[in-house]
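Colleague: Here's a structure for you.
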Amino acid sequence: MKLDQHYVDPRLVALYDGNNPGAEDTEFYLQLAADLEASCILDLGCGTGVLTRKLAAVAGRQVSGVDPAPSMLAHARQQPGAERVRWVEGNSSALGTPGADLAVMTGNVAQVFLDDAEWNGTLRHLHAALRPGGHLAFDSRRPEARAWEGWTRAATHERGDSIHGPLESWLEVVDVQPGRVHFVGHNVFLQTGENVVVDSELRFHSQREIADSLEEVGFTITDVYGDWQRGPVTSESRVMVFVAGRGG
């Protein structure tokens with residue numbers, strides 16, 4: 001997997017949490033972990049570890065944050081509460097077989113797996129990492145909502161301060177193909193004039209495609225939500241949140 005520049009460049013990593021606040025989804029996963037009484041939790045694609053550290057704040061939990069980007073993990077390790085988390089650099093193959101109660105992939109991480117083999121391999125690793133009766137939970141943008149139509153310079157342009165001085169940023173879509181969207185993010189550091197261009201591509205799976213892939217590797221879907229308040233998927237939903245269990 002090729003890592004996008006905003007996972008690699010330390011300047012962009014430092015801005016990541018501010019650009020991706022995600023309060024509603026964080027609360028959803030925290031409540032799910034509480035409801036499932038999960039004591040061993042895996043966060044795959046943990047990034048800077050905002051959710052990971054909050055999950056680990058509960059006494060008695062063993063929480064691992066796994067991510068392939070060294071810069072993201074370096075940032076995560078410097079944050080308050082980081083000492084409660086086991087940080088692992090790697091992809092899903094680094095999960096091992098700890099018999100976890102819960103594994104999560106947040107922030108639309110499921111969309112970075114561009115081909116079926118990579119996606120199915122990730123699901124198999126997650127299945128193997130869970131105990132019988134354990135659960136996997138993750139979110140993905142609903143393709144019918146066509147989120148990329150809002151990824152224009154006019155709609156996303158921002159100018160503000162950063163730890164590296166004034167910053168101007170925006171998104172632009174390069175190409176849209178069935179199930180895939182290629183776009184770039186511009187980050188102009190105004191003191192130097194440097195434009196750090198982040199080239200990204202995401203996979204937009206349908207609900208049926210995701211369901212089939214889960215069932216193929218042995219998961220049983222327990223819930224599919226269309227919002228962070230556990231509402232159903234409707235024609236207005238912009239997100240799909242899957243919760244699936246591993247059988248015995």
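Chains: A, B, ... in order of the structure tokens. Residues: from 1 per chain. Ligands: from 1, in order shown.
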Excluding stretch 172-187 of chain A and any residue of its chain fewer than 3 positions from it, enumerate the residues within 6 Å of it, using only C-alpha atoms, and give them as a PyMOL selection string.
Modeller: chain A and resi 151-153+168-169+195-204
Colleague: DSSP on the backbone: what in stretch 20-183 of chain A comes out strand (DSSP E or B), as number ranges by chain?
Modeller: A: 40-44, 62-67, 85-89, 100-105, 130-141, 158-162, 165-177, 180-183
Colleague: Keeping C-alpha atoms for every residue in the selection just given, could you write it to a file as an mmCIF file, in the first residue's frame?
Modeller:
```cif
data_model
loop_
_atom_site.group_PDB
_atom_site.id
_atom_site.type_symbol
_atom_site.label_atom_id
_atom_site.label_comp_id
_atom_site.auth_asym_id
_atom_site.auth_seq_id
_atom_site.Cartn_x
_atom_site.Cartn_y
_atom_site.Cartn_z
ATOM 1 C CA CYS A 40 -8.876 -6.352 24.328
ATOM 2 C CA ILE A 41 -9.236 -3.878 21.452
ATOM 3 C CA LEU A 42 -7.395 -3.422 18.148
ATOM 4 C CA ASP A 43 -7.460 -0.138 16.228
ATOM 5 C CA LEU A 44 -6.261 -0.799 12.666
ATOM 6 C CA GLN A 62 -5.517 -3.776 26.546
ATOM 7 C CA VAL A 63 -5.512 -1.567 23.456
ATOM 8 C CA SER A 64 -3.251 -1.805 20.411
ATOM 9 C CA GLY A 65 -2.958 0.879 17.730
ATOM 10 C CA VAL A 66 -1.688 -0.432 14.398
ATOM 11 C CA ASP A 67 -0.694 1.820 11.490
ATOM 12 C CA VAL A 85 -1.445 1.935 24.234
ATOM 13 C CA ARG A 86 0.672 -0.698 22.511
ATOM 14 C CA TRP A 87 1.689 0.989 19.240
ATOM 15 C CA VAL A 88 2.539 -1.246 16.290
ATOM 16 C CA GLU A 89 3.950 -0.124 12.946
ATOM 17 C CA ALA A 100 -9.370 -9.570 20.673
ATOM 18 C CA ASP A 101 -12.898 -8.707 21.720
ATOM 19 C CA LEU A 102 -13.184 -5.806 19.270
ATOM 20 C CA ALA A 103 -11.340 -4.536 16.202
ATOM 21 C CA VAL A 104 -12.125 -1.164 14.637
ATOM 22 C CA MET A 105 -11.208 0.738 11.476
ATOM 23 C CA LEU A 130 -10.584 -11.743 16.979
ATOM 24 C CA ARG A 131 -11.738 -14.334 19.461
ATOM 25 C CA PRO A 132 -14.849 -16.378 18.642
ATOM 26 C CA GLY A 133 -17.704 -14.044 19.490
ATOM 27 C CA GLY A 134 -15.531 -10.956 18.937
ATOM 28 C CA HIS A 135 -16.652 -8.050 16.757
ATOM 29 C CA LEU A 136 -15.341 -5.910 13.921
ATOM 30 C CA ALA A 137 -16.669 -2.378 13.397
ATOM 31 C CA PHE A 138 -15.807 0.116 10.663
ATOM 32 C CA ASP A 139 -17.259 2.873 8.521
ATOM 33 C CA SER A 140 -17.231 3.724 4.827
ATOM 34 C CA ARG A 141 -18.742 6.579 2.828
ATOM 35 C CA GLU A 158 -9.417 27.281 3.852
ATOM 36 C CA ARG A 159 -6.795 29.737 5.046
ATOM 37 C CA GLY A 160 -5.532 29.808 8.603
ATOM 38 C CA ASP A 161 -2.588 29.534 10.940
ATOM 39 C CA SER A 162 -0.529 26.421 11.564
ATOM 40 C CA GLY A 165 2.893 29.614 9.703
ATOM 41 C CA PRO A 166 -0.065 30.647 7.526
ATOM 42 C CA LEU A 167 -1.496 27.789 5.489
ATOM 43 C CA GLU A 168 -3.866 27.695 2.533
ATOM 44 C CA SER A 169 -5.511 24.384 1.608
ATOM 45 C CA TRP A 170 -8.144 22.902 -0.704
ATOM 46 C CA LEU A 171 -9.209 19.701 -2.497
ATOM 47 C CA GLU A 172 -9.692 18.983 -6.191
ATOM 48 C CA VAL A 173 -11.065 15.838 -7.851
ATOM 49 C CA VAL A 174 -8.876 14.478 -10.661
ATOM 50 C CA ASP A 175 -10.889 11.523 -11.915
ATOM 51 C CA VAL A 176 -14.003 9.526 -11.041
ATOM 52 C CA GLN A 177 -14.381 5.921 -12.140
ATOM 53 C CA ARG A 180 -12.994 4.820 -7.342
ATOM 54 C CA VAL A 181 -12.230 8.493 -6.875
ATOM 55 C CA HIS A 182 -8.828 10.094 -7.486
ATOM 56 C CA PHE A 183 -8.304 13.521 -5.925
#
```
Colleague: Ranking A:Ala155, A:Asp35, A:Glu209, A:Ile163 by minimum distance to A:Trp119 and counting only C-alpha atoms, which one comes first?
Modeller: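 Smallest distance to A:Trp119 is found for A:Glu209.
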Colleague: With only C-alpha atoms as the basis for distance, which of A:Leu30, A:Ala69, A:Val224, A:Ala76 is at the shortest distance from A:Gly49?
Modeller: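 Result for the nearest residue to A:Gly49: A:Ala76.
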Colleague: What does the distance between atom CA of A:Thr97 and atom CA of A:His75 come to in Å, to one decimal place?
Modeller: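 Between atom CA of A:Thr97 and atom CA of A:His75 the gap works out to 26.3 Å.
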Colleague: Between A:Ser237, A:Thr52, A:Ser93, A:Asn108, single out the one closest to A:Gly81, counting only C-alpha atoms.
Modeller: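 Nearest candidate to A:Gly81 out of A:Ser237, A:Thr52, A:Ser93, A:Asn108: A:Thr52.
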